Each structure stands twice: as structure tokens, then as C-alpha cells.
$ cat final11.csv   # CSV, C-alpha atoms
chain,number,residue,atom,x,y,z
A,17,MET,CA,99.3,90.9,50.8
A,18,SER,CA,97.5,88.0,49.1
A,19,LYS,CA,93.8,87.9,48.9
A,20,GLN,CA,93.7,84.9,51.4
A,21,ALA,CA,95.9,86.8,53.8
A,22,GLY,CA,93.6,89.8,53.6
A,23,ILE,CA,90.6,87.6,54.3
A,24,LEU,CA,92.3,86.0,57.3
A,25,LYS,CA,93.2,89.4,58.6
A,26,VAL,CA,89.5,90.4,58.6
A,27,ILE,CA,88.4,87.1,60.1
A,28,HIS,CA,90.8,87.5,63.0
A,29,ALA,CA,89.7,91.1,63.5
A,30,VAL,CA,86.1,90.1,64.1
A,31,ALA,CA,86.3,86.5,65.5
A,32,ASP,CA,88.0,85.2,68.6
A,33,LEU,CA,90.4,82.7,66.9
A,34,GLN,CA,93.8,81.4,67.9
A,35,ASP,CA,94.7,79.8,64.6
A,36,ASP,CA,93.9,80.4,61.0
A,37,PRO,CA,90.8,78.4,59.9
A,38,ALA,CA,91.4,75.9,57.1
A,39,PRO,CA,90.3,77.2,53.7
A,40,ASP,CA,87.2,75.0,53.6
A,41,GLU,CA,86.4,75.0,57.3
A,42,SER,CA,82.9,76.3,57.9
A,43,LEU,CA,83.2,79.5,59.9
A,44,PHE,CA,79.6,79.2,61.1
A,45,GLY,CA,79.9,75.5,62.0
A,46,SER,CA,83.1,76.1,64.0
A,47,GLY,CA,81.5,79.1,65.8
A,48,ALA,CA,84.1,81.5,64.5
A,49,LEU,CA,81.2,83.6,63.0
A,50,ASP,CA,77.8,84.1,64.3
A,51,SER,CA,74.9,86.6,63.9
A,52,PHE,CA,76.8,89.3,65.7
A,53,THR,CA,80.2,89.0,63.9
A,54,LEU,CA,78.9,88.2,60.4
A,55,PRO,CA,77.9,91.9,59.7
A,56,ASP,CA,81.3,93.0,61.0
A,57,LEU,CA,83.0,90.5,58.6
A,58,VAL,CA,81.2,91.9,55.6
A,59,THR,CA,82.0,95.5,56.6
A,60,GLY,CA,85.7,94.4,57.2
A,61,LEU,CA,85.9,92.8,53.8
A,62,GLU,CA,84.6,96.0,52.2
A,63,GLN,CA,87.2,98.1,53.9
A,64,GLU,CA,90.1,95.6,53.4
A,65,PHE,CA,89.4,95.2,49.7
A,66,LYS,CA,88.0,98.6,49.0
A,67,ILE,CA,84.7,97.3,47.6
A,68,ARG,CA,81.0,97.8,48.3
A,69,ILE,CA,79.1,94.5,48.8
A,70,PRO,CA,75.6,95.1,47.5
A,71,ASP,CA,72.5,94.1,49.5
A,72,ASN,CA,71.7,91.4,46.9
A,73,ASP,CA,75.0,89.7,47.7
A,74,LEU,CA,74.2,89.5,51.4
A,75,VAL,CA,73.8,85.7,51.5
A,76,PRO,CA,75.4,84.2,54.6
A,77,GLU,CA,76.6,81.1,52.8
A,78,ARG,CA,78.9,83.2,50.6
A,79,PHE,CA,80.9,84.0,53.7
A,80,ASP,CA,81.0,80.6,55.4
A,81,SER,CA,84.7,79.8,54.7
A,82,VAL,CA,87.9,81.4,53.5
A,83,ALA,CA,87.6,79.6,50.2
A,84,LYS,CA,84.0,80.8,49.6
A,85,ILE,CA,84.9,84.3,50.5
A,86,GLU,CA,87.9,84.2,48.1
A,87,ALA,CA,85.6,82.8,45.4
A,88,TYR,CA,83.2,85.6,45.9
A,89,LEU,CA,85.9,88.3,45.8
A,90,ASP,CA,87.3,86.7,42.6
A,91,LYS,CA,83.9,86.8,41.0
A,92,ARG,CA,83.5,90.4,42.0
A,93,ALA,CA,86.9,91.2,40.5
A,94,GLY,CA,86.2,89.3,37.3
B,69,MET,CA,50.2,118.3,57.5
B,70,MET,CA,51.3,116.8,60.7
B,71,ALA,CA,50.2,114.2,63.3
B,72,TYR,CA,51.1,113.4,66.8
B,73,LEU,CA,52.0,110.4,68.9
B,74,ARG,CA,49.3,110.7,71.7
B,75,ALA,CA,49.6,107.6,73.7
B,76,PHE,CA,50.9,104.0,73.9
B,77,GLY,CA,49.5,100.9,75.6
B,78,TYR,CA,50.3,97.3,75.9
B,79,ALA,CA,49.2,93.9,77.2
B,80,LEU,CA,51.1,90.8,78.1
B,81,PRO,CA,50.0,87.3,79.0
B,82,ALA,CA,50.7,86.3,82.6
B,83,GLU,CA,52.7,83.1,81.9
B,84,ARG,CA,56.4,83.7,82.1
B,85,VAL,CA,58.7,81.2,80.3
B,86,GLY,CA,62.3,81.3,81.4
B,87,ASN,CA,65.3,80.0,79.6
B,88,ALA,CA,65.5,76.9,81.9
B,89,ALA,CA,62.1,75.7,80.6
B,90,LEU,CA,63.2,76.2,77.0
B,91,ALA,CA,66.5,74.5,77.7
B,92,ALA,CA,64.6,71.3,78.6
B,93,ARG,CA,62.7,71.5,75.3
B,94,THR,CA,65.4,72.6,72.8
B,95,GLY,CA,68.7,71.2,74.1
B,96,MET,CA,70.3,74.6,74.4
B,97,SER,CA,71.4,75.6,77.9
B,98,ALA,CA,69.8,78.5,79.7
B,99,ALA,CA,73.1,80.3,79.7
B,100,GLN,CA,73.6,79.8,76.0
B,101,ILE,CA,70.1,81.2,75.3
B,102,ALA,CA,70.8,84.3,77.4
B,103,GLU,CA,74.2,84.8,75.9
B,104,LYS,CA,73.1,84.3,72.3
B,105,THR,CA,69.9,86.3,72.4
B,106,GLY,CA,70.0,88.6,75.4
B,107,ILE,CA,66.6,87.1,76.5
B,108,ARG,CA,66.0,85.7,80.0
B,109,GLU,CA,62.2,85.1,79.8
B,110,ARG,CA,59.3,85.6,77.5
B,111,ARG,CA,55.5,85.5,77.9
B,112,TYR,CA,53.2,82.8,76.4
B,113,ALA,CA,49.5,83.2,75.9
B,114,ALA,CA,47.3,80.7,77.6
B,115,GLU,CA,45.3,78.2,75.5
B,116,GLY,CA,42.2,79.8,74.2
B,117,VAL,CA,43.6,83.3,74.2
B,118,SER,CA,43.5,84.9,70.7
B,119,VAL,CA,45.5,87.6,69.0
B,120,ALA,CA,42.3,89.7,69.1
B,121,ASP,CA,42.1,89.2,72.9
B,122,LEU,CA,45.6,90.5,73.4
B,123,GLY,CA,45.1,93.3,70.9
B,124,SER,CA,41.9,94.4,72.6
B,125,ALA,CA,43.6,94.6,76.0
B,126,ALA,CA,46.4,96.7,74.5
B,127,ALA,CA,43.9,98.9,72.7
B,128,LEU,CA,41.9,99.6,75.8
B,129,ASP,CA,45.1,100.4,77.7
B,130,CYS,CA,46.2,102.8,75.0
B,131,LEU,CA,42.8,104.6,74.9
B,132,THR,CA,42.9,105.0,78.7
B,133,ASN,CA,46.3,106.5,78.4
B,134,ALA,CA,45.1,108.8,75.7
B,135,GLY,CA,42.1,109.9,77.7
B,136,LEU,CA,39.8,108.9,74.7
B,137,SER,CA,37.0,106.4,74.2
B,138,ALA,CA,36.6,104.0,71.3
B,139,ARG,CA,34.1,106.3,69.6
B,140,ASP,CA,36.8,108.9,69.2
B,141,VAL,CA,38.7,106.6,66.9
B,142,GLY,CA,38.4,107.2,63.2
B,143,LEU,CA,40.5,104.3,61.9
B,144,ILE,CA,42.0,101.1,63.3
B,145,LEU,CA,45.2,99.6,61.8
B,146,PHE,CA,45.9,96.1,63.2
B,147,SER,CA,49.2,94.5,62.6
B,148,THR,CA,49.9,90.8,63.1
B,149,GLY,CA,51.9,88.0,61.6
B,150,SER,CA,50.3,85.3,63.7
B,151,GLY,CA,46.6,85.6,63.4
B,152,GLU,CA,44.5,82.5,63.8
B,153,LEU,CA,42.8,82.8,60.4
B,154,CYS,CA,44.2,83.5,56.9
B,155,PHE,CA,41.3,85.9,56.7
B,156,PRO,CA,39.7,87.9,58.0
B,157,GLY,CA,42.4,89.3,60.2
B,158,PRO,CA,41.7,90.4,63.7
B,159,ALA,CA,41.1,94.1,62.9
B,160,SER,CA,37.3,93.7,62.4
B,161,GLU,CA,36.9,91.6,65.6
B,162,LEU,CA,38.8,94.3,67.5
B,163,ALA,CA,36.6,97.0,66.2
B,164,ALA,CA,33.5,95.0,67.1
B,165,ARG,CA,34.8,94.5,70.7
B,166,LEU,CA,35.3,98.2,71.0
B,167,GLY,CA,31.7,98.7,70.0
B,168,LEU,CA,32.5,100.1,66.6
B,169,ALA,CA,30.2,98.8,63.8
B,170,SER,CA,31.2,101.1,60.9
B,171,THR,CA,34.6,102.5,61.7
B,172,PRO,CA,37.1,101.2,59.2
B,173,ALA,CA,39.5,98.6,60.7
B,174,ILE,CA,42.3,97.4,58.4
B,175,ASP,CA,44.6,94.5,58.8
B,176,LEU,CA,48.3,94.8,58.2
B,177,PRO,CA,49.6,91.2,57.9
B,178,ILE,CA,53.1,92.2,58.5
B,179,ALA,CA,55.2,90.5,61.2
B,180,SER,CA,58.1,92.3,62.8
B,181,ALA,CA,57.8,95.8,61.2
B,182,GLY,CA,54.0,95.9,61.0
B,183,SER,CA,53.4,98.3,63.8
B,184,LEU,CA,56.1,100.7,62.4
B,185,VAL,CA,54.3,100.5,59.1
B,186,GLY,CA,51.0,101.2,60.9
B,187,ILE,CA,52.4,104.4,62.6
B,188,ALA,CA,53.9,105.6,59.3
B,189,LEU,CA,50.6,105.1,57.5
B,190,ALA,CA,48.6,106.6,60.4
B,191,ASN,CA,50.8,109.8,60.1
B,192,ASP,CA,49.8,110.1,56.5
B,193,LEU,CA,46.1,109.2,57.1
B,194,ALA,CA,45.5,111.2,60.3
B,195,PRO,CA,44.3,114.4,58.4
B,196,ARG,CA,41.4,112.4,57.0
B,197,TYR,CA,40.6,110.1,59.9
B,198,GLY,CA,41.5,112.1,63.0
B,199,ASN,CA,42.5,109.6,65.7
B,200,ILE,CA,44.0,106.4,64.4
B,201,LEU,CA,44.5,103.4,66.7
B,202,VAL,CA,47.5,101.3,65.6
B,203,VAL,CA,47.4,97.9,67.3
B,204,ALA,CA,49.9,95.0,67.0
B,205,ALA,CA,49.4,91.6,68.7
B,206,GLU,CA,51.2,88.4,68.3
B,207,ILE,CA,51.0,84.9,69.6
B,208,MET,CA,54.3,83.5,68.2
B,209,SER,CA,54.6,80.7,70.8
B,210,ARG,CA,52.1,78.6,68.8
B,211,ARG,CA,54.1,79.1,65.6
B,212,ILE,CA,57.6,77.9,66.7
B,213,SER,CA,59.1,74.5,66.6
B,214,ASP,CA,61.4,73.1,69.3
B,215,ALA,CA,63.1,71.3,66.3
B,216,ASP,CA,64.5,74.7,65.4
B,217,PRO,CA,65.9,75.9,68.8
B,218,ASP,CA,67.7,78.9,67.4
B,219,THR,CA,64.3,80.4,66.4
B,220,ALA,CA,62.2,78.9,69.1
B,221,VAL,CA,64.1,80.6,72.0
B,222,LEU,CA,63.6,84.1,70.5
B,223,PHE,CA,59.9,84.5,70.4
B,224,GLY,CA,57.2,85.5,72.9
B,225,ASP,CA,53.6,86.8,72.9
B,226,GLY,CA,52.2,90.2,73.6
B,227,ALA,CA,50.4,93.2,72.2
B,228,GLY,CA,51.0,97.0,71.9
B,229,ALA,CA,49.0,99.9,70.7
B,230,CYS,CA,49.6,103.5,69.7
B,231,LEU,CA,47.2,106.4,69.3
B,232,VAL,CA,48.2,108.7,66.4
B,233,SER,CA,46.2,111.9,66.5
B,234,ARG,CA,45.7,114.7,64.0
B,235,ASP,CA,45.1,117.1,66.8
B,236,GLU,CA,47.4,116.6,69.8
B,237,GLY,CA,50.0,114.5,71.5
B,238,PHE,CA,53.2,114.4,73.4
B,239,ALA,CA,55.4,114.3,70.3
B,240,ARG,CA,55.0,115.6,66.7
B,241,ILE,CA,55.7,113.1,63.9
B,242,VAL,CA,58.2,114.8,61.7
B,243,ASP,CA,58.6,112.3,58.9
B,244,SER,CA,58.7,108.6,58.1
B,245,ALA,CA,60.3,106.3,55.6
B,246,LEU,CA,59.2,102.8,54.5
B,247,TYR,CA,61.1,100.3,52.5
B,248,THR,CA,60.5,96.8,51.1
B,249,ASP,CA,63.0,94.4,49.5
B,250,GLY,CA,61.3,91.1,48.5
B,251,ASN,CA,64.5,89.4,47.2
B,252,SER,CA,65.0,87.7,50.6
B,253,ALA,CA,61.4,87.1,51.5
B,254,GLY,CA,62.3,83.4,51.9
B,255,SER,CA,64.6,84.2,54.8
B,256,LEU,CA,61.7,84.7,57.2
B,257,TYR,CA,58.1,83.4,56.7
B,258,LEU,CA,55.2,81.7,58.3
B,259,PRO,CA,53.1,79.3,56.2
B,260,CYS,CA,49.3,79.5,56.9
B,261,SER,CA,49.6,76.0,58.3
B,262,GLY,CA,53.1,75.3,59.7
B,263,THR,CA,55.8,76.8,61.9
B,264,LEU,CA,58.0,79.9,61.6
B,265,GLN,CA,60.9,79.5,59.2
B,266,MET,CA,63.8,81.8,59.7
B,267,ASN,CA,67.4,82.1,58.4
B,268,GLY,CA,68.6,84.1,61.3
B,269,LEU,CA,72.0,84.9,59.8
B,270,ALA,CA,70.4,86.3,56.7
B,271,VAL,CA,67.9,88.4,58.6
B,272,ILE,CA,70.4,90.0,60.9
B,273,LEU,CA,72.9,90.5,58.1
B,274,HIS,CA,70.4,92.5,56.1
B,275,ALA,CA,68.9,94.2,59.2
B,276,SER,CA,72.2,95.3,60.5
B,277,ARG,CA,72.9,97.1,57.3
B,278,LYS,CA,69.5,98.3,56.1
B,279,LEU,CA,68.2,99.6,59.3
B,280,PRO,CA,71.1,101.9,60.3
B,281,ARG,CA,71.2,103.2,56.7
B,282,ALA,CA,67.5,104.0,56.8
B,283,ILE,CA,67.7,105.7,60.1
B,284,GLY,CA,70.8,107.7,59.0
B,285,ASP,CA,69.1,108.8,55.8
B,286,LEU,CA,66.0,110.1,57.5
B,287,LEU,CA,67.9,111.9,60.2
B,288,SER,CA,70.2,113.4,57.6
B,289,LYS,CA,67.2,114.6,55.6
B,290,HIS,CA,66.2,116.6,58.6
B,291,GLY,CA,69.6,117.7,59.7
B,292,VAL,CA,69.7,115.5,62.9
B,293,LEU,CA,72.8,113.7,63.9
B,294,PRO,CA,72.3,110.1,65.4
B,295,ALA,CA,73.9,111.3,68.6
B,296,GLU,CA,71.3,114.0,69.0
B,297,VAL,CA,68.5,111.6,69.1
B,298,GLY,CA,67.0,111.2,72.6
B,299,VAL,CA,65.8,107.7,72.4
B,300,TYR,CA,65.7,104.9,69.8
B,301,LEU,CA,62.5,102.8,70.1
B,302,MET,CA,63.0,99.7,68.0
B,303,HIS,CA,61.5,96.4,67.2
B,304,GLN,CA,63.0,94.1,69.8
B,305,ALA,CA,64.3,91.4,67.4
B,306,ASN,CA,67.4,90.3,69.2
B,307,GLY,CA,69.8,91.8,71.7
B,308,ASN,CA,72.7,91.5,69.3
B,309,LEU,CA,70.8,93.5,66.6
B,310,LEU,CA,70.0,96.3,69.0
B,311,ARG,CA,73.6,96.6,70.0
B,312,LYS,CA,74.7,96.4,66.4
B,313,VAL,CA,72.5,99.3,65.3
B,314,ALA,CA,73.8,101.4,68.2
B,315,SER,CA,77.4,100.7,67.3
B,316,THR,CA,76.8,101.4,63.6
B,317,LEU,CA,75.2,104.7,64.4
B,318,LYS,CA,77.9,105.4,67.0
B,319,VAL,CA,75.4,106.1,69.8
B,320,PRO,CA,75.6,104.7,73.4
B,321,GLU,CA,73.7,101.4,73.7
B,322,GLU,CA,71.6,102.9,76.5
B,323,ARG,CA,70.1,105.3,74.0
B,324,VAL,CA,68.4,102.2,72.4
B,325,PHE,CA,65.5,101.2,74.7
B,326,SER,CA,65.5,97.5,75.3
B,327,ASN,CA,63.2,95.2,77.1
B,328,ILE,CA,64.0,92.1,75.1
B,329,GLU,CA,65.5,90.5,78.2
B,330,ARG,CA,62.0,90.2,79.8
B,331,TYR,CA,59.7,89.6,76.8
B,332,GLY,CA,61.8,88.2,73.9
B,333,ASN,CA,60.9,89.0,70.4
B,334,THR,CA,57.1,89.6,70.2
B,335,SER,CA,57.3,90.4,66.5
B,336,SER,CA,55.3,93.4,65.4
B,337,ALA,CA,54.0,94.0,69.0
B,338,SER,CA,57.5,94.5,70.4
B,339,LEU,CA,58.0,98.1,69.1
B,340,LEU,CA,54.8,99.2,70.7
B,341,ILE,CA,55.4,97.4,74.0
B,342,ALA,CA,58.9,99.0,74.1
B,343,ALA,CA,57.4,102.4,73.4
B,344,ALA,CA,54.7,102.0,76.0
B,345,GLU,CA,57.2,101.0,78.7
B,346,TRP,CA,59.5,103.8,77.7
B,347,ARG,CA,56.6,106.3,77.8
B,348,SER,CA,55.5,105.1,81.2
B,349,SER,CA,59.0,104.9,82.7
B,350,GLY,CA,59.2,108.6,83.4
B,351,ALA,CA,62.1,109.0,80.9
B,352,GLN,CA,60.4,111.6,78.9
B,353,PRO,CA,60.4,114.2,77.6
B,354,ALA,CA,63.3,112.7,75.6
B,355,ALA,CA,66.5,114.8,75.5
B,356,GLY,CA,66.2,115.1,71.8
B,357,PRO,CA,64.1,113.7,68.9
B,358,ILE,CA,62.5,110.2,69.1
B,359,VAL,CA,63.3,107.5,66.5
B,360,LEU,CA,61.1,104.5,66.0
B,361,ALA,CA,62.5,101.8,63.7
B,362,ALA,CA,61.8,98.2,62.7
B,363,PHE,CA,63.0,95.6,60.3
B,364,GLY,CA,61.6,92.1,59.6
B,365,ALA,CA,59.8,89.6,57.4
B,366,GLY,CA,59.3,90.7,53.8
B,367,PHE,CA,61.8,92.2,54.1
B,368,HIS,CA,59.9,95.3,55.3
B,369,TRP,CA,61.6,98.0,57.3
B,370,GLY,CA,61.1,101.6,58.2
B,371,VAL,CA,61.7,104.6,60.4
B,372,VAL,CA,59.6,107.3,62.0
B,373,LEU,CA,61.1,110.5,63.4
B,374,ALA,CA,59.2,112.4,66.0
B,375,GLU,CA,60.1,115.3,68.3
B,376,ASP,CA,58.9,115.7,71.9
B,377,ILE,CA,56.9,118.9,72.2
B,378,LEU,CA,56.4,118.9,76.0

$ encode --input "final11.csv" --output "C-alpha cells"
Amino acid sequence: MSKQAGILKVIHAVADLQDDPAPDESLFGSGALDSFTLPDLVTGLEQEFKIRIPDNDLVPERFDSVAKIEAYLDKRAG
Amino acid sequence: MMAYLRAFGYALPAERVGNAALAARTGMSAAQIAEKTGIRERRYAAEGVSVADLGSAAALDCLTNAGLSARDVGLILFSTGSGELCFPGPASELAARLGLASTPAIDLPIASAGSLVGIALANDLAPRYGNILVVAAEIMSRRISDADPDTAVLFGDGAGACLVSRDEGFARIVDSALYTDGNSAGSLYLPCSGTLQMNGLAVILHASRKLPRAIGDLLSKHGVLPAEVGVYLMHQANGNLLRKVASTLKVPEERVFSNIERYGNTSSASLLIAAAEWRSSGAQPAAGPIVLAAFGAGFHWGVVLAEDIL
């Protein structure tokens, strides 16, 4: 599974969405993510990608779109 | 060395502000506010009422519930994030109103988690000072802006108090843990002149991870499982956060006492108002240990573990 597919899998698990959000679509702006689902998204990413996201990286803007999440995961991997 | 939770008390302004009133001011619908926050109404202090006024009323309620008078108090710890003055804080005014002219009265300028910090410090200081009166009072309604509706709809006014005693009480304080992480201090702050600034997403993201972790660590240290705790008394920040903590700890939501629907987020006062309502609700003795926990501006957060001895 590609990284983007893994991200979309997590997003669909925590948000009530019919379609995949566009890579640059704001997940907060569209209402896909809110204060209740954001923590679940972070936990879901940790489980899906078998990583631990440190507290210092808990900045909501990092998780505002598929592209931003992918960039963050790439940076972590690098 | 041990101390006890002896009594709680609280005081609330009379004016009730429902979601419909805020809808007219903020542009959010009453239903949206209720769904997003779990809050249906909050109390606002009348013009001229001060943080010390509310704190005094809660302190007197607590002393009455404890069966003590002000002269029995060895130390006052007063938490607020919304005092009228940058200094002095309201602790000395409260002491004077209680007729105490030499008893130390210390301010804790810590919103949200201030009362939890006060109880944890009182537990450590009780062997020296005997009876310690922890008071938290907030008038947040004067510090919010309708231009920031997501924040404005959350907050209300109120005060709570807790008597921590070296000698006796209904629950023995087993242990406490306090934490601070200033890396996100800019996510929630109140300038001396200005309105409350909050990045709600950042606050709940950190709180939903740090708070269950802190609770779990303290319980684990004492061999207690989260499911064995009788009641969780928490800072009433947001209905979503209370549910999130319950689900992370895998305990039923009913185990987390909640009155946020009626009072909103009263910042550092909310933990003590919740504890006082729980204590007077006839729900005790708790069917297991008692956990008090709070998270907020700073970020400061912490946990107190107590066990019912009645």
C-alpha cells in the first residue's frame, strides 16, 4: 500500500467521508477533522505506519491535508 | 506523610446564559454549540462582581462543609487565570475577607489546571500548615471575544474550593504528579490587557494524549487499573475531551463526572465545582479510588490519586 493510500485509510477510519479528499484539501476547513477526530487521526497514523509521533510534533497544521501528512511522514522517514 | 481531602465547596453567579443568547452574538447556532462542545448554558458574573467575590463565596461554602472556621486555616492557595489585576492576585483579598491578617495566602496564576496544582501542593505542604484552603475562581466571560466564537462559547464563570487537611477527611491523598511543557505556551494565553487566545485544536490534541498518559502512569505506579477507579473528577474543558480521556483509558464515560453541560468551562474553578457537586450528590463513597486531573494553559497538567476511607 502506498503512503497516500495508508493516510486515506486512516482518514476514512476516523472521519465521516464519502469520497477521498484531494491531496491539498484542508481537512479542518472541510470539516473532515475536528477537535474530536484529530487525536484519533494521529493515533491511527502511528498504528498504520508503526511510528511514534512525539509531543513536540503535535501541531495541528501538520495534519491539515493528505499532502501535509505525507510530507510529515516523509520527513520522519528521512 | 499524608493528607486528606476534607471538603469541597462552590459558588456560581446567578445569570444563566444559554446557547441561544450566544448564537445571536457569535453566528453559531444553538444546536451547533451544543453538538460541538456539550455545553447548553453557562453562568456569567454580574457587573461589579470580582474574582475575589466568587472565591470568597466558594471558600465559605467549603469551610461550612468542612465544619471549620477561617481561623483553622493555615494556608490559602488561590488559583485564577482571570484576576482583575496583574498583581496582587486575589489571595490576599480573600484572606482579609476571611478575617485573616497574617495567614499566608498565595496566588497560583494558573488557568485551567491551577486548582489541581493547588491540591497537589497542598498535599505536600499540609504537614507544615495543617488545614490548607485551595480556592479557584474565574470570570472568563469578560475575557472572551465574540469575534472568536469557537472560544467564546466554551467559557463561563464560577468558583470552587477544597479543604486539604493534615488530620482528617473523607479521602486520603495517595499521590500526585505535576507536569509542565512550555513548548506550546502560545496555544492558550490571556494577555494582561486583551482577550483569551486559544488554538483549540492544539490544546485538545496535546490534552488528549498527555492527560491519559499522566493518569495511567500514576495509577500504574500504585498498581491501580483505570477501570478500578471509582470516579474521575476532571477539569471540565470540553465535552469531547472528557469523552476522549474516558475512551483512551477504556473506562465508561459515566465514570468521568461531568457538569459541563450546565456551566461550560470555568477554567481552574471547574475541577473544584465538579468535585463539590460530585461530593454533594450522594455518590460517595466512591466504588474505588478517586482521580482528580486537569490540563490547560502553560501547558500545565497533573493528576491526584486519592482513596475513599469511609

$ residues_around --input "final11.csv" --residues "region 51-56 of chain A" --least-positions-apart "6" --cutoff "9 Å" --atoms "only C-alpha atoms" --output "ChimeraX atom specification"
/A:26,29-31,76,79 /B:104,268-274,276-277,308-309,312

$ residues_around --input "final11.csv" --residues "region 83-91 of chain B" --least-positions-apart "4" --cutoff "12 Å" --atoms "all atoms listed in the file" --output "PyMOL selection string"
chain B and resi 95-115+117+209+212-226+329-332

$ atom_distance --input "final11.csv" --atom1 "CA of Arg74 (chain B)" --atom2 "CA of Pro320 (chain B)"
27.0 Å

$ closest_residue --input "final11.csv" --among "A:Tyr88, A:Glu64, A:Ile23, A:Ile69" --to "Pro39 (chain A)" --atoms "all atoms listed in the file"
A:Ile23

$ closest_residue --input "final11.csv" --among "B:Arg196, B:Arg139, B:Lys289, B:Lys278" --to "Asp243 (chain B)" --atoms "only C-alpha atoms"
B:Lys289

$ atom_distance --input "final11.csv" --atom1 "CA of Phe325 (chain B)" --atom2 "CA of Pro294 (chain B)"
14.6 Å

$ residues_around --input "final11.csv" --residues "Ala83 (chain A)" --least-positions-apart "2" --cutoff "12 Å" --atoms "all atoms listed in the file" --output "PyMOL selection string"
chain A and resi 19-21+23-24+37-43+77-81+85-90

$ residues_around --input "final11.csv" --residues "Leu201 (chain B)" --least-positions-apart "6" --cutoff "6 Å" --atoms "all atoms listed in the file" --output "list in words"
Ile144, Cys230 and Leu231 of chain B

$ atom_distance --input "final11.csv" --atom1 "CA of Val324 (chain B)" --atom2 "CA of Leu131 (chain B)"
25.8 Å

$ closest_residue --input "final11.csv" --among "B:Ala179, B:Ala365, B:Val313, B:Ala134" --to "chain A" --atoms "only C-alpha atoms"
B:Val313

$ closest_residue --input "final11.csv" --among "B:Asp129, B:Glu345, B:Asp121, B:Asp285" --to "Leu162 (chain B)" --atoms "only C-alpha atoms"
B:Asp121

$ residues_around --input "final11.csv" --residues "Ser124 (chain B)" --least-positions-apart "6" --cutoff "10 Å" --atoms "all atoms listed in the file" --output "list of chain:residue names"
B:Tyr78, B:Ala79, B:Ser118, B:Cys130, B:Pro158, B:Ala159, B:Glu161, B:Leu162, B:Ala163, B:Arg165, B:Leu166, B:Val203, B:Ala204, B:Ala205, B:Ala227, B:Gly228, B:Ala229

$ closest_residue --input "final11.csv" --among "B:Ser261, B:Asn333, B:Ser252, B:Thr148" --to "chain A" --atoms "all atoms listed in the file"
B:Ser252

$ build_atoms --input "final11.csv" --residues "region 72-90 of chain A" --atoms "N, CA and C atoms" --output "PDB file, in the frame of the given file"
ATOM      1  N   ASN A  72      72.075  92.663  47.545  1.00  0.00           N
ATOM      2  CA  ASN A  72      71.700  91.400  46.900  1.00  0.00           C
ATOM      3  C   ASN A  72      72.716  90.305  47.098  1.00  0.00           C
ATOM      4  N   ASP A  73      73.927  90.677  47.476  1.00  0.00           N
ATOM      5  CA  ASP A  73      75.000  89.700  47.700  1.00  0.00           C
ATOM      6  C   ASP A  73      75.071  89.281  49.190  1.00  0.00           C
ATOM      7  N   LEU A  74      74.171  89.809  50.008  1.00  0.00           N
ATOM      8  CA  LEU A  74      74.200  89.500  51.400  1.00  0.00           C
ATOM      9  C   LEU A  74      73.592  88.149  51.729  1.00  0.00           C
ATOM     10  N   VAL A  75      74.255  87.126  51.295  1.00  0.00           N
ATOM     11  CA  VAL A  75      73.800  85.700  51.500  1.00  0.00           C
ATOM     12  C   VAL A  75      74.862  85.104  52.441  1.00  0.00           C
ATOM     13  N   PRO A  76      74.460  84.708  53.656  1.00  0.00           N
ATOM     14  CA  PRO A  76      75.400  84.200  54.600  1.00  0.00           C
ATOM     15  C   PRO A  76      76.353  83.115  54.081  1.00  0.00           C
ATOM     16  N   GLU A  77      75.795  82.211  53.256  1.00  0.00           N
ATOM     17  CA  GLU A  77      76.600  81.100  52.800  1.00  0.00           C
ATOM     18  C   GLU A  77      77.798  81.542  51.947  1.00  0.00           C
ATOM     19  N   ARG A  78      77.759  82.716  51.370  1.00  0.00           N
ATOM     20  CA  ARG A  78      78.900  83.200  50.600  1.00  0.00           C
ATOM     21  C   ARG A  78      80.115  83.471  51.495  1.00  0.00           C
ATOM     22  N   PHE A  79      79.863  83.614  52.794  1.00  0.00           N
ATOM     23  CA  PHE A  79      80.900  84.000  53.700  1.00  0.00           C
ATOM     24  C   PHE A  79      81.245  82.920  54.733  1.00  0.00           C
ATOM     25  N   ASP A  80      80.902  81.678  54.384  1.00  0.00           N
ATOM     26  CA  ASP A  80      81.000  80.600  55.400  1.00  0.00           C
ATOM     27  C   ASP A  80      82.394  79.971  55.462  1.00  0.00           C
ATOM     28  N   SER A  81      83.294  80.293  54.550  1.00  0.00           N
ATOM     29  CA  SER A  81      84.700  79.800  54.700  1.00  0.00           C
ATOM     30  C   SER A  81      85.596  80.705  53.920  1.00  0.00           C
ATOM     31  N   VAL A  82      86.875  80.561  54.206  1.00  0.00           N
ATOM     32  CA  VAL A  82      87.900  81.400  53.500  1.00  0.00           C
ATOM     33  C   VAL A  82      87.791  81.163  52.018  1.00  0.00           C
ATOM     34  N   ALA A  83      87.646  79.909  51.622  1.00  0.00           N
ATOM     35  CA  ALA A  83      87.600  79.600  50.200  1.00  0.00           C
ATOM     36  C   ALA A  83      86.359  80.232  49.529  1.00  0.00           C
ATOM     37  N   LYS A  84      85.211  80.186  50.210  1.00  0.00           N
ATOM     38  CA  LYS A  84      84.000  80.800  49.600  1.00  0.00           C
ATOM     39  C   LYS A  84      84.120  82.290  49.533  1.00  0.00           C
ATOM     40  N   ILE A  85      84.710  82.883  50.546  1.00  0.00           N
ATOM     41  CA  ILE A  85      84.900  84.300  50.500  1.00  0.00           C
ATOM     42  C   ILE A  85      85.841  84.707  49.347  1.00  0.00           C
ATOM     43  N   GLU A  86      86.905  83.921  49.203  1.00  0.00           N
ATOM     44  CA  GLU A  86      87.900  84.200  48.100  1.00  0.00           C
ATOM     45  C   GLU A  86      87.178  84.045  46.755  1.00  0.00           C
ATOM     46  N   ALA A  87      86.358  83.015  46.634  1.00  0.00           N
ATOM     47  CA  ALA A  87      85.600  82.800  45.400  1.00  0.00           C
ATOM     48  C   ALA A  87      84.718  83.981  45.070  1.00  0.00           C
ATOM     49  N   TYR A  88      84.066  84.466  46.119  1.00  0.00           N
ATOM     50  CA  TYR A  88      83.200  85.600  45.900  1.00  0.00           C
ATOM     51  C   TYR A  88      83.958  86.846  45.486  1.00  0.00           C
ATOM     52  N   LEU A  89      85.083  87.080  46.145  1.00  0.00           N
ATOM     53  CA  LEU A  89      85.900  88.300  45.800  1.00  0.00           C
ATOM     54  C   LEU A  89      86.454  88.134  44.386  1.00  0.00           C
ATOM     55  N   ASP A  90      86.846  86.918  44.003  1.00  0.00           N
ATOM     56  CA  ASP A  90      87.300  86.700  42.600  1.00  0.00           C
ATOM     57  C   ASP A  90      86.251  86.997  41.618  1.00  0.00           C
TER      58      ASP A  90
END
